[in-house]
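Quick notes on the structure that follows.
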Amino acid sequence: MAYMHIGKNFVPPDVNGKVTGRIKYAEDYSREGMVYARLLTSPIPHARVVNIDASEALAMDGVFGVLTADDVYPDGEPQGTGLKVLTNEPTLVGEPILAVAAIDEKTAETAITKITVTFERLPFVLDPLDSLAEGGADAYTGGNTYVFRQGFAEEKWSQDQVASFRAGNEPTAEPQQTFAYGDLDAALAASAFVYEGTFTTAGYPHQSMEPRSAMAYWENGKLYLHGTSQSLSALADGMASIVGVPQEDFVFINEATGGGFGQRARANSIPSMAIPAKMSQKINRPVMMRITRDEETAIGGARQGFQGWIKVGFKADGTMAAADLYIVSDNGGKGGGGDAYSAADGISVLYQTEAVRFRGTSIGSNTGHRGAQRGPGQNQIAAIISPILDKAAEELGVDRMKIREINTPQTGDVGGAQRQPFTSAYMPEAFKIASEKFNYAERITRSRQRNGSKVTGIGIGQGYHNAGRSGMDGIVRLTADGRLKVHNGVGNLGTYSYASTSRAAAEVLQMPWERVDVVTGRTDRNLPITSPQDGSNSIFTNTRTNYGAAMDLLGKMKEIAAMELGGDAADYDIGDERVFKSSDKNAGMTFAQIAQKGIELGGKFTGESDLPEELNDFTKISVTRLAGDSLMGIFHDPKHNDNPPGFTVTFTEIEMDVETGKYDIVDMVTVGDCGTVVHPQGLKNQLVGGAVWGIGLAGYERHLYDPQNGLPASTGYWQSKIPTMMDTPAKIQTGWVDLPDPENPVGARGIGEPAMGAVAAAVASAISDSLDGHLFNSAPVTADMIINHVAGVTSDAVPLAQNNFRG
Amino acid sequence: MVATSHDVMLDIELYQPTDEANALALAGSLGKDGWLLGGGQDTYGWLKDRNKTASAMIELTQVDAWKGIKETSDGIEIGAVTTLTEIAKNPLIKDKFALLATAASKVASPQIRNVGTLAGNLAQDARCWYYRRGLDCYRAGGNLCYADSPEGLNREHAIFGASRCVAVTPSDTAPALVALDATMVVSSEKGQRLVPAQDFFVGPAVNITSMTSLKEGEILTAVRIPNTWANAEFYFEKVADRNVWDFALVSIAAAMKVSNGVIQDASIACGAVECVPRRLGDVENALRGQQRSEQLADQVAQIASRGAEPLNYNHFKIPLVENLVKRAVRG
């Protein structure tokens with residue numbers, strides 16, 4: 001299909017500001033009379049605040065106030081997992097206890113040193129298995145796990161059960177969560193090769209470039225909050241509730257966001273932004289609260305780590321017959337996510353496994369707050385399963401690409417725990433494109449070739465994430481000057497999704513891009529509710545809403561033309577910013593004339609009546625405010641059918657130096673299957689950015705906490721070991737299938753998360769290949785682990801350790 | 001109790017002397033209260049975290065006499081506040097002492113090398129994360145070592161020469177200068193003293209609160225490299241988790257004089273295995289007069305790791321040291 005905008009590169013409106021540095025992040029704003037808040041955070045991994053004496057600080061010149069959990073939660077703190085705004089019951093080092101507002105940051109920091117907080121120390125634990133073991137400490141007050149709608153609970157295994165698991169055996173305890181389909185025993189019995197073993201994946205922080213700083217002030221009863229988010233409207237919806245202000249009186253301002261990766265999607269993942277809001281309310285001054293890198297590490301979210309056991313069976317032809325997983329996932333200090341379930345679900349989807357059993361238990365540790373991080377679950381397991389596939393291929397004498405191809409999902413297949421059909425799946429095409437770009441047939445012959453201390457490793461990986469949602473709303477407007485306004489609540493994360501999804505509306509109306517204004521940046525510009533820009537869903541979800549709203553607008557435009565020029569709406573067509581009779585192009589009206597007429601008519605044309613019944617409350621507020629001054633298209637997206645997947649395939653070649661444990665990524669090709677490509681440059685950015693993350697997961701990043709005192713050791717950008725440009729390939733080749741998905745009006749599905757998983761899998765696969773197929777069963781695999789393996793050093797480190805080195 | 005996260009420095013008196021005498025006078029008069037500032041890449045972390053404080057700071061980078069690289073009758077002299085980028089790119093150093101140029105080019109990142117000075121790289125404090133976090137360890141004046149404990153996170157720490165503290169020398173240029181038999185020019189109001197590079201660095205058994213032999217009022221003002229190893233065969237390698245912006249897990253700096261395949265003389269030092277650059281004297285002795293070969297490399301590699309006492313998480317440093325020695329001998 002020939003599109004005017006879809007599939008074409010364009011310059012998103014924020015690019016110039018980002019290139020020149022003029023675009024504003026929350027920290028860049030100021031307000032007359034603004035004062036500065038700084039945080040006193042917990043130095044103890046698990047404690048109870050017994051007393052706070054801030055009298056000396058409050059007596060200092062330039063100090064305006066102190067905000068504590070008692071101010072925020074006058075009726076007591078919510079008893080559940082999840083980050084709180086401030087707390088008297090810290091469960092990780094770095095959790096905010098109180099804030100001090102002062103004339104400048106230095107004064108605020110000095111004031112903090114004058115505050116005496118008396119803590120009652122409570123037992124802490126850093127490794128979920130240590131907590132599970134009978135007699136082990138619990139991360140939370142009231143238990144080591146949280147049961148939905150029931151509260152905290154204590155989950156314990158016998159010491160023997162934990163020791164057996166650490167020794168490499170299948171856990172025998174009852175899991176908290178399960179799913180299963182197929183006849184597992186039969187599938188294993190029919191397998192020609194069965195692999196069984198334990199594995200570990202590390203948790204690690206999101207480390208978004210922009211810390212979650214925020215500035216707030218109150219004016220005429222309204223709260224204005226400058227903050228950071230993945231999606232303005234989705235976040236504002238919840239943040240108003242956290243602060244305790246009616247949605248109508250809350251303005252969230254967020255022109256640009258420096259990274260979210262899952263932890264700025266919803267208000268409850270970033271409640272700290274309520275601190276300046278509450279402080280401002282208390283002291284009646286604008287309050288800026290800058291967050292340090294250390295603080296961002298503590299409360300900015302982290303991936304869940306896994307301590308797992310896996311058993312995978314393959315038939316003689318390489319078909320993955322069975323996958324049996326038992327995963328203990330690290331919920332960290334504030335509760336976690338559903339990574340383990342998604343890991344098993346991901347295997348089911350990617351390898352079309354005939355029988356799957358998942359068992360999972362989530363246990364807290366007094367470490368960083370856990371929550372969704374780019375491909376939560378699917379991406380950790382991708383780095384574990386890929387080398388196992390290679391092992392199976394080797395044992396069965398099947399080519400390493402072939403074993404993936406024969407298991408790969410395609411249109412018509414179902415996958416996952418819910419056995420849901422895919423809206424479409426073009427993985428075979430992705431394999432073809434990627435393998436040809438990589439020249440796999442020739443490259444695979446270099447596998448394990450040695451040149452001095454260097455050994456070539458070839459790796460293949462696949463990534464998956466469910467990449468589409470529905471139930472959201474769209475608002476577009478045609479103003480009296482004939483310009484199209486696309487109201488978009490998707491945040492400006494650097495993905496350009498806010499702009500690229502808006503192009504679906506421009507496409508419907510055949511509107512030149514320079515005649516389109518994307519209305520975003522602050523909620524008082526009246527935005528529709530959008531899905532949080534997480535779960536790789538934006539391109540699918542918000543092209544649907546914008547397309548739907550534009551179609552509503554188009555219908556109204558044709559209706560107006562018919563009213564003015566005669567005939568039925570169906571008799572009209574559009575082009576060159578005109579609505580005209582299909583039979584006589586000269587009989588028509590300009591878009592501006594149509595808009596003017598619509599405004600004159602009012603009612604349903606201007607959003608004053610006949611709103612879609614299912615429209616979300618958040619959107620209704622926006623529509624009500626906008627009603628009357630433009631011709632409006634309004635749309636509520638009903639539920640879509642089936643599972644719109646995002647898929648990726650990556651091939652890589654590494655050169656491993658077996659004497660240093662270091663490897664160079666010589667080449668990398670990563671190809672996406674995300675339906676029709678809406679914005680090629682944006683897609684390329686996603687694939688390359690995801691690749692860097694995948695390299696980090698496979699080889700670098702991990703949480704480290706000192707077992708003696710619970711302090712985090714991997715905090716800033718140096719200690720977090722995020723890969724640098726010198727650790728990643730100079731060029732990462734990208735590609736895409738570009739075939740339409742029938743469940744989306746422009747054919748698009750998401751890609752962000754699988755872009756990482758496939759690369760993590762490919763790098764892990766290549767590392768293993770370069771070491772004669774050795775399975776580390778670990779992510780990351782770091783240089784010291786490789787050196788130890790090559791040298792035959794048997795470390796005395798604790799097996800399956802979490803938040804620690806692997807040894 | 002460890003301090004909460006800080007991000008703002010306290011007020012500090014800043015002195016910016018432009019001549020040598022003034023700078024030395026300030027260092028003398030301010031004594032331990034005068035924080036010596038080079039490029040600031042070690043300094044600001046301490047001060048912003050408020051884990052160390054200073055009432056006054058003496059910025060040394062405006063003293064022209066302590067900058068630049070010049071040829072002397074017996075080698076070269078490098079001003080101590082010369083930046084690492086200048087050293088890495090200097091034609092004279094690259095021509096005669098490429099070992100140092102390579103080492104300097106491996107420090108941190110281009111941005112840090114552009115402002116970081118040679119003196120700062122040599123005299124930087126321990127990077128043990130417990131110490132940097134502000135814990136009251138031996139090095140910080142306390143009475144225990146958190147890294148050298150049954151549960152300590154000590155992957156990056158020492159396998160040699162521990163004495164209460166197990167921190168390692170973090171400097172990339174230090175092993176190169178030790179291998180090159182450099183001399184440190186240490187100045188004060190009282191005059192100059194010349195200190196062999198090997199003696200400039202001190203372990204915890206000598207002084208647990210300082211990694212150098214600098215005393216109050218003293219400033220490292222220049223580094224002299226004799227022609228002893230000029231144009232020798234050099235080998236420098238730094239193995240770190242990341243290829244940029246990281247400290248060595250282990251590094252090696254080697255200078256060898258080889259004639260007709262026979263190693264006439266060798267000088268080798270390792271970084272990040274001990275609190276000081278570890279001169280591999282036994283390896284050097286074993287190499288002298290020997291025909292260079294893979295077998296020789298294997299033999300001396302084992303000598304290099306003799307006496308190593310790994311901690312919980314740094315056993316890998318033993319094969320890594322051995323491998324780096326092999327690579328240095330192979331050339």
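Residues in the structure tokens are named by chain (A, B, ... in the order shown) and by number from 1 within that chain; ligands are numbered from 1 in the order shown.
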
message: What's around stretch 232-246 of chain B at 6 Å? Count only C-alpha atoms, leave out sequence neighbours fewer than 2 positions away in its own chain, and write the answer as a PyMOL selection string.
response: (chain A and resi 726-727) or (chain B and resi 99+108-109+229-230+248-257+328)

message: Please check the contacts: residues of chain A at most 8 Å away from chain B, using only C-alpha atoms, listed as a PyMOL selection string.
response: chain A and resi 39-43+94+105-106+109+292+294-295+659-660+662+700+706-708+713+718+721+723-724+726-727+782-785+787-788+791+793+795-797+804-805+807

- prompt: Using only C-alpha atoms, which residues sit within 6 Å of A:Ser622 once same-chain residues fewer than 3 positions away are excluded, as a list of chain:residue names?
  reply: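 What passes the distance filter is A:Asn526, A:Leu527, A:Thr619, A:Arg625.
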
- prompt: Which distance in Å separates atom CA of A:Gly143 and atom CA of A:Leu122, to one decimal?
  reply: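 Straight-line distance from atom CA of A:Gly143 to atom CA of A:Leu122 works out to 12.3 Å.
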
- prompt: Using the chain letters and numbers from this document, which residues of stretch 159-335 of chain A does DSSP assign to strand (DSSP E), as a ChimeraX atom specification?
  reply: /A:177-181,193-201,214-219,222-226,250-253,287-289,306-314,320-332

query: Quick one: residues within 6 Å of stretch 197-214 of chain B, only C-alpha atoms counted, chain neighbours fewer than 2 positions away excluded, as a list in words?
result: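 Near neighbours after the sequence-gap exclusion: Arg139, Ser163, Val178, Ala182, Thr183, Met184, Val195, Glu218, Cys275 and Val276 of chain B.
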
Just asking: which residues within stretch 26-262 of chain B are helix (DSSP H, G or I) according to DSSP, as an mmCIF file with C-alpha atoms, in the first residue's frame?
data_model
loop_
_atom_site.group_PDB
_atom_site.id
_atom_site.type_symbol
_atom_site.label_atom_id
_atom_site.label_comp_id
_atom_site.auth_asym_id
_atom_site.auth_seq_id
_atom_site.Cartn_x
_atom_site.Cartn_y
_atom_site.Cartn_z
ATOM 1 C CA LEU B 26 50.548 27.418 50.154
ATOM 2 C CA ALA B 27 51.057 23.681 50.394
ATOM 3 C CA GLY B 28 53.447 24.271 53.295
ATOM 4 C CA SER B 29 51.266 26.675 55.165
ATOM 5 C CA LEU B 30 47.997 24.844 54.644
ATOM 6 C CA GLY B 31 49.474 21.422 55.352
ATOM 7 C CA LYS B 32 46.835 18.739 55.634
ATOM 8 C CA ASP B 33 44.110 21.343 55.204
ATOM 9 C CA THR B 43 38.751 15.002 44.064
ATOM 10 C CA TYR B 44 35.175 15.864 43.208
ATOM 11 C CA GLY B 45 33.709 12.462 43.941
ATOM 12 C CA TRP B 46 35.066 12.608 47.461
ATOM 13 C CA LEU B 47 33.920 16.152 48.071
ATOM 14 C CA LYS B 48 30.476 15.885 46.480
ATOM 15 C CA ASP B 49 29.785 12.694 48.407
ATOM 16 C CA ASP B 64 53.323 26.486 34.056
ATOM 17 C CA ALA B 65 56.581 25.152 35.451
ATOM 18 C CA TRP B 66 54.833 21.890 36.265
ATOM 19 C CA LEU B 84 47.098 12.362 30.225
ATOM 20 C CA THR B 85 45.948 13.214 26.719
ATOM 21 C CA GLU B 86 49.111 15.249 26.143
ATOM 22 C CA ILE B 87 51.235 12.374 27.396
ATOM 23 C CA ALA B 88 49.418 9.843 25.253
ATOM 24 C CA LYS B 89 49.906 11.984 22.164
ATOM 25 C CA PRO B 91 55.740 12.491 19.926
ATOM 26 C CA LEU B 92 58.788 12.297 22.192
ATOM 27 C CA ILE B 93 57.103 9.924 24.607
ATOM 28 C CA LYS B 94 55.595 7.903 21.814
ATOM 29 C CA ASP B 95 58.987 7.650 20.181
ATOM 30 C CA LYS B 96 61.106 6.702 23.176
ATOM 31 C CA ALA B 98 55.695 4.272 24.089
ATOM 32 C CA LEU B 99 54.937 2.149 27.138
ATOM 33 C CA LEU B 100 53.873 5.270 29.021
ATOM 34 C CA ALA B 101 52.009 6.746 26.062
ATOM 35 C CA THR B 102 50.002 3.546 25.745
ATOM 36 C CA ALA B 103 49.319 3.368 29.477
ATOM 37 C CA ALA B 104 48.158 6.982 29.538
ATOM 38 C CA SER B 105 45.870 6.319 26.586
ATOM 39 C CA PRO B 110 38.930 10.665 26.563
ATOM 40 C CA GLN B 111 36.999 13.248 28.553
ATOM 41 C CA ILE B 112 38.755 12.311 31.777
ATOM 42 C CA ARG B 113 42.183 12.130 30.099
ATOM 43 C CA ASN B 114 41.648 15.613 28.699
ATOM 44 C CA VAL B 115 41.553 17.090 32.188
ATOM 45 C CA LEU B 118 49.763 12.552 35.408
ATOM 46 C CA ALA B 119 50.154 13.459 39.071
ATOM 47 C CA GLY B 120 46.472 12.902 39.651
ATOM 48 C CA ASN B 121 46.570 9.514 38.010
ATOM 49 C CA LEU B 122 49.607 8.505 40.082
ATOM 50 C CA ALA B 123 48.482 9.901 43.411
ATOM 51 C CA TRP B 129 34.162 0.789 46.896
ATOM 52 C CA TYR B 130 33.801 0.288 50.631
ATOM 53 C CA TYR B 131 36.358 3.024 51.273
ATOM 54 C CA ARG B 132 34.823 5.329 48.681
ATOM 55 C CA TYR B 138 41.318 0.817 58.194
ATOM 56 C CA ARG B 139 42.237 3.134 55.347
ATOM 57 C CA ALA B 140 39.640 5.625 56.556
ATOM 58 C CA THR B 173 50.457 4.957 34.404
ATOM 59 C CA ALA B 174 52.041 3.811 37.679
ATOM 60 C CA PRO B 175 53.111 0.318 36.501
ATOM 61 C CA ALA B 176 54.494 1.843 33.328
ATOM 62 C CA LEU B 177 56.624 4.325 35.268
ATOM 63 C CA VAL B 178 57.809 1.634 37.656
ATOM 64 C CA ALA B 179 58.800 -0.544 34.715
ATOM 65 C CA ALA B 197 58.891 5.331 41.279
ATOM 66 C CA GLN B 198 58.860 1.997 43.075
ATOM 67 C CA ASP B 199 59.290 3.783 46.405
ATOM 68 C CA PHE B 200 56.819 6.539 45.653
ATOM 69 C CA ASN B 227 66.996 6.589 28.931
ATOM 70 C CA THR B 228 67.619 3.165 30.464
ATOM 71 C CA TRP B 229 64.649 1.670 28.628
#

Length of the atom CA of A:Leu775 to atom CA of A:Phe193 vector [Å]: 15.6 Å

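What separates atom CA of A:Met551 from atom CA of A:Gly633 is a distance of 7.3 Å.
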
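Minimum atom-to-atom distance to A:Ala698, evaluated using only C-alpha atoms, belongs to A:Gln380 out of A:Gln380, A:Ala570, A:Ala549, A:Val50.
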
- prompt: Of the candidates A:Tyr717, A:Tyr181, A:Tyr326, A:Phe422, which one gets nearest to A:Ala467 if we count only C-alpha atoms?
  reply: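 Distance minimum relative to A:Ala467 lands on A:Phe422.
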
task: Would you mind listing what lies within 8 Å of stretch 201-208 of chain A as an MDAnalysis selection string, with only C-alpha atoms counted and same-chain residues fewer than 5 positions away left out?
output: chainID A and resid 258:261 263 296:297 300:307 330 368 373 380:381 701:703 717 720 778:780 802:803

Please write the residues from the selection above to a file, keeping C-alpha atoms, as a PDB file, in the first residue's frame.
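Saved as result.pdb:
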ATOM      1  CA  GLY A 258      15.574  10.997  29.397  1.00  0.00           C
ATOM      2  CA  GLY A 259      14.774   7.303  29.488  1.00  0.00           C
ATOM      3  CA  GLY A 260      12.107   5.253  31.168  1.00  0.00           C
ATOM      4  CA  PHE A 261      12.523   1.591  30.248  1.00  0.00           C
ATOM      5  CA  GLN A 263       9.940   2.546  35.448  1.00  0.00           C
ATOM      6  CA  GLU A 296      18.081   7.173  40.997  1.00  0.00           C
ATOM      7  CA  THR A 297      19.866   3.847  41.349  1.00  0.00           C
ATOM      8  CA  GLY A 300      14.725   4.133  39.833  1.00  0.00           C
ATOM      9  CA  GLY A 301      13.763   0.524  39.421  1.00  0.00           C
ATOM     10  CA  ALA A 302      15.653  -2.629  38.612  1.00  0.00           C
ATOM     11  CA  ARG A 303      15.184  -5.816  36.673  1.00  0.00           C
ATOM     12  CA  GLN A 304      14.239  -8.910  38.643  1.00  0.00           C
ATOM     13  CA  GLY A 305      16.991 -11.478  39.026  1.00  0.00           C
ATOM     14  CA  PHE A 306      16.270 -15.171  38.577  1.00  0.00           C
ATOM     15  CA  GLN A 307      17.428 -18.246  40.429  1.00  0.00           C
ATOM     16  CA  ASP A 330      14.000 -11.527  43.243  1.00  0.00           C
ATOM     17  CA  GLY A 368      16.750  -2.013  44.786  1.00  0.00           C
ATOM     18  CA  GLN A 373      12.553  -3.271  32.771  1.00  0.00           C
ATOM     19  CA  GLN A 380      16.596 -12.599  30.917  1.00  0.00           C
ATOM     20  CA  ILE A 381      15.577 -16.042  29.777  1.00  0.00           C
ATOM     21  CA  GLU A 701      25.364  -5.360  34.198  1.00  0.00           C
ATOM     22  CA  ARG A 702      24.478  -6.739  37.615  1.00  0.00           C
ATOM     23  CA  HIS A 703      23.409  -5.634  41.035  1.00  0.00           C
ATOM     24  CA  TYR A 717      27.525   4.647  35.586  1.00  0.00           C
ATOM     25  CA  SER A 720      26.981  -0.378  36.938  1.00  0.00           C
ATOM     26  CA  SER A 778      24.245 -17.172  33.807  1.00  0.00           C
ATOM     27  CA  ALA A 779      23.630 -13.631  32.718  1.00  0.00           C
ATOM     28  CA  PRO A 780      25.824 -11.705  32.710  1.00  0.00           C
ATOM     29  CA  GLN A 802      21.822 -13.087  43.719  1.00  0.00           C
ATOM     30  CA  ASN A 803      23.003  -9.501  44.045  1.00  0.00           C
TER      31      ASN A 803
END

- request: Please provide as an MDAnalysis selection string all residues within 9 Å of A:Leu739, with the sequence filter that same-chain residues fewer than 6 positions apart are discarded (counting only C-alpha atoms).
  value: chainID A and resid 426 673:677 747:748

The selected residues should be written to file as a PDB file, in the first residue's frame (atoms: C-alpha atoms).
ATOM      1  CA  TYR A 426       6.811 -13.157  10.253  1.00  0.00           C
ATOM      2  CA  ASP A 673       9.393  -8.242  12.695  1.00  0.00           C
ATOM      3  CA  CYS A 674       7.084  -5.464  13.781  1.00  0.00           C
ATOM      4  CA  GLY A 675       4.511  -5.384  11.041  1.00  0.00           C
ATOM      5  CA  THR A 676       4.532  -2.391   8.749  1.00  0.00           C
ATOM      6  CA  VAL A 677       7.370  -0.017   9.515  1.00  0.00           C
ATOM      7  CA  GLY A 747      -0.174  -2.663   9.918  1.00  0.00           C
ATOM      8  CA  ALA A 748       2.185  -1.811  12.782  1.00  0.00           C
TER       9      ALA A 748
END

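Once stretch 385-394 of chain A and its same-chain neighbours fewer than 6 positions away are set aside, Phe193, Val194, Tyr195, Phe314, Gly318, Arg400, Ile403, Arg404, Ile460, Gly461, Ala761, Ala762, Ala764, Ser765, Ser768, Asp769, Gly773 and Leu775 of chain A remain within 8 Å of it when counting only C-alpha atoms.
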